[in-house]
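Undergrad: Structure below; questions to follow.
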Amino acid sequence: MSIESVLLPVFVQVVLTFALLIMLAVRRQGMFRNREMHPQDLAVRGAREPMPVAQVAGSFQNQFELPVLFYVLVVLALYTRKADLLFVVMSWSFVLARIAQAAIHVTSNIVPRRGLAFGVSMLVLILMWIIFMIRILAHL
């Protein structure tokens, strides 16, 4: 596979992360303007935020949990030349599930739906790691 096709899902995941960061800043600024929140409310991590802000903040924080393992795997797969068509398809599946989870998180925030999207992304990533480990250890 070409480097571009392997990295494109990574780029989309990064864009998702930055989009959530921008959305978070916009929502917080709106709350500050409407005096629903004071900037000092953010002085302590875990401080109480209004639900619309807390949803985006939570979704943004999620992008530094499971996706970190995805980023590491992509780098390793490129380095070891184990990134094939299956890898790219699974990468897209992971990223699309992450987009779905984020979309649910910042809108309706229906936990079972959000959990399903998370579960799909987690399962895909676990399978990606298992396949990668087998290919490395079995010299495939």
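Here, A, B, ... name the chains of the structure tokens in the order displayed, residue numbers run from 1 inside each chain, and ligands are numbered from 1 in the same displayed order.
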When you look at stretch 122-132 of chain A with a cut-off of 12 Å (counting only C-alpha atoms), what residues show up, excluding the ones that are within fewer than 6 positions of it in the same chain? I need them as a ChimeraX atom specification.
TA: /A:65-78,80-84,86-98,101,115-116,138-140
Undergrad: Export, as a compact mmCIF listing (two decimals), in the first residue's frame, the selected residues with N, CA and C atoms.
TA:
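Saved result, out.txt, follows:
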# COMPACT_ATOMS: atom_id res chain seq x y z
N GLU A 65 -6.90 8.82 24.13
CA GLU A 65 -6.92 7.53 24.81
C GLU A 65 -6.70 6.42 23.78
N LEU A 66 -7.73 5.79 23.31
CA LEU A 66 -7.61 4.69 22.34
C LEU A 66 -6.86 5.08 21.06
N PRO A 67 -7.09 6.26 20.49
CA PRO A 67 -6.37 6.60 19.25
C PRO A 67 -4.86 6.61 19.38
N VAL A 68 -4.33 6.79 20.57
CA VAL A 68 -2.87 6.75 20.75
C VAL A 68 -2.33 5.39 20.32
N LEU A 69 -3.04 4.33 20.66
CA LEU A 69 -2.62 2.99 20.26
C LEU A 69 -2.73 2.80 18.74
N PHE A 70 -3.67 3.49 18.13
CA PHE A 70 -3.82 3.47 16.67
C PHE A 70 -2.62 4.16 16.02
N TYR A 71 -2.26 5.33 16.52
CA TYR A 71 -1.12 6.06 15.96
C TYR A 71 0.17 5.23 16.04
N VAL A 72 0.39 4.62 17.18
CA VAL A 72 1.60 3.80 17.36
C VAL A 72 1.59 2.65 16.37
N LEU A 73 0.45 2.00 16.22
CA LEU A 73 0.36 0.86 15.32
C LEU A 73 0.62 1.28 13.87
N VAL A 74 0.10 2.41 13.46
CA VAL A 74 0.34 2.87 12.09
C VAL A 74 1.83 3.10 11.85
N VAL A 75 2.48 3.75 12.79
CA VAL A 75 3.92 3.99 12.65
C VAL A 75 4.68 2.66 12.56
N LEU A 76 4.34 1.73 13.43
CA LEU A 76 5.01 0.42 13.40
C LEU A 76 4.72 -0.34 12.11
N ALA A 77 3.48 -0.29 11.66
CA ALA A 77 3.11 -1.01 10.43
C ALA A 77 3.84 -0.42 9.22
N LEU A 78 3.98 0.89 9.19
CA LEU A 78 4.73 1.51 8.10
C LEU A 78 6.21 1.12 8.18
N THR A 80 7.64 -1.46 9.54
CA THR A 80 7.89 -2.88 9.28
C THR A 80 7.32 -3.35 7.95
N ARG A 81 6.68 -2.43 7.24
CA ARG A 81 6.07 -2.74 5.93
C ARG A 81 4.98 -3.81 6.04
N LYS A 82 4.19 -3.72 7.09
CA LYS A 82 3.08 -4.65 7.30
C LYS A 82 1.72 -4.01 7.02
N ALA A 83 1.75 -2.79 6.49
CA ALA A 83 0.50 -2.08 6.19
C ALA A 83 0.03 -2.47 4.80
N ASP A 84 -0.97 -3.34 4.74
CA ASP A 84 -1.52 -3.80 3.47
C ASP A 84 -2.96 -3.31 3.33
N LEU A 86 -5.79 -4.85 3.94
CA LEU A 86 -6.57 -5.17 5.13
C LEU A 86 -6.31 -4.14 6.23
N PHE A 87 -5.06 -3.77 6.40
CA PHE A 87 -4.69 -2.77 7.41
C PHE A 87 -5.39 -1.44 7.13
N VAL A 88 -5.38 -1.02 5.88
CA VAL A 88 -6.01 0.26 5.52
C VAL A 88 -7.52 0.19 5.72
N VAL A 89 -8.14 -0.89 5.33
CA VAL A 89 -9.60 -1.03 5.51
C VAL A 89 -9.94 -1.01 7.00
N MET A 90 -9.16 -1.70 7.79
CA MET A 90 -9.41 -1.70 9.23
C MET A 90 -9.13 -0.33 9.84
N SER A 91 -8.13 0.37 9.34
CA SER A 91 -7.86 1.73 9.81
C SER A 91 -9.05 2.63 9.56
N TRP A 92 -9.60 2.55 8.35
CA TRP A 92 -10.79 3.35 8.05
C TRP A 92 -11.97 2.96 8.94
N SER A 93 -12.12 1.68 9.21
CA SER A 93 -13.21 1.24 10.09
C SER A 93 -13.03 1.84 11.48
N PHE A 94 -11.81 1.84 11.98
CA PHE A 94 -11.52 2.42 13.28
C PHE A 94 -11.87 3.90 13.30
N VAL A 95 -11.36 4.63 12.30
CA VAL A 95 -11.57 6.08 12.27
C VAL A 95 -13.04 6.43 12.09
N LEU A 96 -13.75 5.71 11.25
CA LEU A 96 -15.18 5.99 11.06
C LEU A 96 -15.97 5.73 12.34
N ALA A 97 -15.59 4.69 13.07
CA ALA A 97 -16.25 4.43 14.36
C ALA A 97 -15.92 5.53 15.36
N ARG A 98 -14.70 6.06 15.33
CA ARG A 98 -14.32 7.17 16.21
C ARG A 98 -15.11 8.44 15.86
N GLN A 101 -18.57 7.91 17.21
CA GLN A 101 -18.59 8.09 18.66
C GLN A 101 -18.54 9.56 19.03
N GLY A 115 -21.48 4.00 23.26
CA GLY A 115 -20.74 2.80 23.68
C GLY A 115 -20.58 1.81 22.55
N LEU A 116 -21.59 1.68 21.70
CA LEU A 116 -21.50 0.78 20.56
C LEU A 116 -20.41 1.26 19.60
N ALA A 138 5.37 -14.29 13.53
CA ALA A 138 5.41 -15.44 12.63
C ALA A 138 6.20 -15.14 11.35
N HIS A 139 6.75 -13.94 11.29
CA HIS A 139 7.53 -13.51 10.13
C HIS A 139 6.73 -13.62 8.83
N LEU A 140 5.47 -13.19 8.90
CA LEU A 140 4.60 -13.25 7.71
C LEU A 140 4.66 -11.96 6.93
Undergrad: Could you pull out the alpha helix (DSSP H) residues of stretch 49-116 of chain A from DSSP and send them as a PyMOL selection string?
TA: chain A and resi 51-62+66-80+85-106+111-116
Undergrad: Quick one: residues within 12 Å of A:Val106, only C-alpha atoms counted, chain neighbours fewer than 3 positions away excluded, as a PDB file with C-alpha atoms, in the first residue's frame?
TA:
ATOM      1  CA  ALA A  19     -12.253  19.879  15.045  1.00  0.00           C
ATOM      2  CA  LEU A  20     -13.302  18.866  18.554  1.00  0.00           C
ATOM      3  CA  LEU A  21     -10.750  21.262  20.038  1.00  0.00           C
ATOM      4  CA  MET A  23     -15.704  23.146  18.856  1.00  0.00           C
ATOM      5  CA  LEU A  24     -14.718  23.103  22.524  1.00  0.00           C
ATOM      6  CA  ARG A  27     -18.675  26.414  23.053  1.00  0.00           C
ATOM      7  CA  MET A  51     -23.323  19.886  29.742  1.00  0.00           C
ATOM      8  CA  PRO A  52     -22.777  21.184  26.160  1.00  0.00           C
ATOM      9  CA  VAL A  53     -19.185  22.083  27.050  1.00  0.00           C
ATOM     10  CA  ALA A  54     -18.560  18.963  29.121  1.00  0.00           C
ATOM     11  CA  GLN A  55     -19.709  16.742  26.231  1.00  0.00           C
ATOM     12  CA  VAL A  56     -17.216  18.244  23.803  1.00  0.00           C
ATOM     13  CA  ALA A  57     -14.466  18.305  26.437  1.00  0.00           C
ATOM     14  CA  GLY A  58     -15.047  14.613  27.112  1.00  0.00           C
ATOM     15  CA  SER A  59     -15.028  13.776  23.423  1.00  0.00           C
ATOM     16  CA  PHE A  60     -11.825  15.742  22.898  1.00  0.00           C
ATOM     17  CA  ASN A  62     -11.232  10.606  24.334  1.00  0.00           C
ATOM     18  CA  ILE A  99     -16.098   9.824  14.142  1.00  0.00           C
ATOM     19  CA  ALA A 100     -19.445   8.208  14.960  1.00  0.00           C
ATOM     20  CA  GLN A 101     -18.589   8.088  18.658  1.00  0.00           C
ATOM     21  CA  ALA A 102     -17.544  11.747  18.672  1.00  0.00           C
ATOM     22  CA  ALA A 103     -20.661  12.809  16.757  1.00  0.00           C
ATOM     23  CA  ASN A 109     -24.903  11.742  23.899  1.00  0.00           C
ATOM     24  CA  ILE A 110     -26.990   8.584  24.072  1.00  0.00           C
ATOM     25  CA  VAL A 111     -24.598   6.391  26.013  1.00  0.00           C
ATOM     26  CA  ARG A 114     -21.865   5.998  21.959  1.00  0.00           C
TER      27      ARG A 114
END
